[in-house]
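Since the structure comes first, as structure tokens, the remarks are kept for the end.
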Amino acid sequence: YWIDAGRPELYLQANLDIVSGRRAVRVDAVEDGADVDATATVDHSVVSAGATVGAGARVTGSLVLPGATVAAGARVSDSIVAGTVLTTADVTDSVIGPTYTVPEGTTVADERLPADAP
């Protein structure tokens, strides 16, 4: 297995390949030390130790990095989150950097936020 993970979409794919068993090493999708509410849905995603996923949130095909937060009722799909996604926000095909907060109820699609995020 080899992948050039120098672009966000390939970095995401490399992480998802770990949980799907495509790579020789397989890890749990939700790492020890991650705080995922029992009512949240995590599907084909990686939630790193130190990350938080709130009640009723849905994370699909995404990577939630250490220290990141996906708040209650938020939806994240096909994205990398290092920052914060507030309540009922919807993030798709995006990279949310560690210094950025997606406002409550906002829809973000095909973005790299802040603008200088990789």
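Each chain of the structure tokens is named A, B, ... in the order shown, its residues numbered from 1; ligands are numbered from 1 in display order.
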Checklist entry - Which neighbours of stretch 48-55 of chain A fall inside 12 Å, counting only C-alpha atoms, when residues of the same chain fewer than 4 positions from it are skipped, and could you give them as a ChimeraX atom specification? => result /A:15,19,27-42,59-60,62-76,80-88,98
Checklist entry - Could you pull out all residues of chain A with a DSSP call of alpha helix (DSSP H) and give them as a list of chain:residue names? => result A:Pro8, A:Glu9, A:Leu10, A:Tyr11, A:Leu12, A:Gln13, A:Ala14, A:Asn15, A:Leu16, A:Asp17, A:Ile18, A:Val19, A:Ser20
Selected residues, N, CA, C and O atoms, written as an mmCIF file, in the first residue's frame, please.
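That gives us part-v4.cif:
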```cif
data_model
loop_
_atom_site.group_PDB
_atom_site.id
_atom_site.type_symbol
_atom_site.label_atom_id
_atom_site.label_comp_id
_atom_site.auth_asym_id
_atom_site.auth_seq_id
_atom_site.Cartn_x
_atom_site.Cartn_y
_atom_site.Cartn_z
ATOM 1 N N PRO A 8 -5.102 17.280 0.866
ATOM 2 C CA PRO A 8 -6.104 16.938 1.884
ATOM 3 C C PRO A 8 -6.979 15.746 1.520
ATOM 4 O O PRO A 8 -7.223 14.880 2.363
ATOM 5 N N GLU A 9 -7.438 15.649 0.284
ATOM 6 C CA GLU A 9 -8.326 14.549 -0.073
ATOM 7 C C GLU A 9 -7.609 13.200 -0.028
ATOM 8 O O GLU A 9 -8.196 12.172 0.315
ATOM 9 N N LEU A 10 -6.311 13.186 -0.322
ATOM 10 C CA LEU A 10 -5.545 11.938 -0.252
ATOM 11 C C LEU A 10 -5.155 11.605 1.191
ATOM 12 O O LEU A 10 -5.097 10.429 1.563
ATOM 13 N N TYR A 11 -4.907 12.611 2.007
ATOM 14 C CA TYR A 11 -4.655 12.412 3.437
ATOM 15 C C TYR A 11 -5.900 11.800 4.081
ATOM 16 O O TYR A 11 -5.801 10.847 4.859
ATOM 17 N N LEU A 12 -7.066 12.324 3.736
ATOM 18 C CA LEU A 12 -8.319 11.765 4.234
ATOM 19 C C LEU A 12 -8.456 10.315 3.788
ATOM 20 O O LEU A 12 -8.749 9.430 4.595
ATOM 21 N N GLN A 13 -8.200 10.033 2.518
ATOM 22 C CA GLN A 13 -8.326 8.673 2.001
ATOM 23 C C GLN A 13 -7.385 7.712 2.716
ATOM 24 O O GLN A 13 -7.775 6.591 3.048
ATOM 25 N N ALA A 14 -6.158 8.132 2.971
ATOM 26 C CA ALA A 14 -5.192 7.279 3.671
ATOM 27 C C ALA A 14 -5.703 6.903 5.058
ATOM 28 O O ALA A 14 -5.563 5.759 5.500
ATOM 29 N N ASN A 15 -6.319 7.862 5.761
ATOM 30 C CA ASN A 15 -6.864 7.577 7.089
ATOM 31 C C ASN A 15 -8.079 6.666 7.017
ATOM 32 O O ASN A 15 -8.229 5.759 7.836
ATOM 33 N N LEU A 16 -8.938 6.877 6.054
ATOM 34 C CA LEU A 16 -10.114 6.016 5.915
ATOM 35 C C LEU A 16 -9.719 4.603 5.511
ATOM 36 O O LEU A 16 -10.362 3.631 5.921
ATOM 37 N N ASP A 17 -8.646 4.478 4.731
ATOM 38 C CA ASP A 17 -8.156 3.155 4.354
ATOM 39 C C ASP A 17 -7.685 2.356 5.561
ATOM 40 O O ASP A 17 -7.752 1.124 5.565
ATOM 41 N N ILE A 18 -7.241 3.030 6.610
ATOM 42 C CA ILE A 18 -6.804 2.346 7.833
ATOM 43 C C ILE A 18 -7.989 1.679 8.523
ATOM 44 O O ILE A 18 -7.900 0.547 8.977
ATOM 45 N N VAL A 19 -9.133 2.384 8.607
ATOM 46 C CA VAL A 19 -10.277 1.807 9.303
ATOM 47 C C VAL A 19 -11.051 0.807 8.444
ATOM 48 O O VAL A 19 -11.748 -0.049 8.969
ATOM 49 N N SER A 20 -10.918 0.907 7.131
ATOM 50 C CA SER A 20 -11.645 -0.013 6.260
ATOM 51 C C SER A 20 -10.915 -1.340 6.071
ATOM 52 O O SER A 20 -11.475 -2.281 5.523
#
```
Next on the checklist: Could you list, as a ChimeraX atom specification, every residue within 12 Å of A:Asp116, counting only C-alpha atoms and ignoring same-chain residues fewer than 5 positions away?
Outcome noted: /A:95-100,111
Item to check | Best match for closeness to A:Thr107 among A:Ser45, A:Ala89, A:Ile3, A:Arg58, counting only C-alpha atoms | outcome: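 The answer is A:Ala89, which sits nearest to A:Thr107.
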Item to check | atom CA of A:His44 to atom CA of A:Gly56, straight-line distance in Å | outcome: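 That distance, rounded to one decimal, is 16.6 Å.
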Next on the checklist: For the strand (DSSP E or B) assignment from backbone DSSP, which residues of stretch 3-112 of chain A qualify? Please present them as a PyMOL selection string.
Outcome noted: chain A and resi 30+35-36+41-43+46-47+52-53+58-60+63-64+69-70+75-77+80-81+84-85+90-92+95-96+101-102+107-109+112
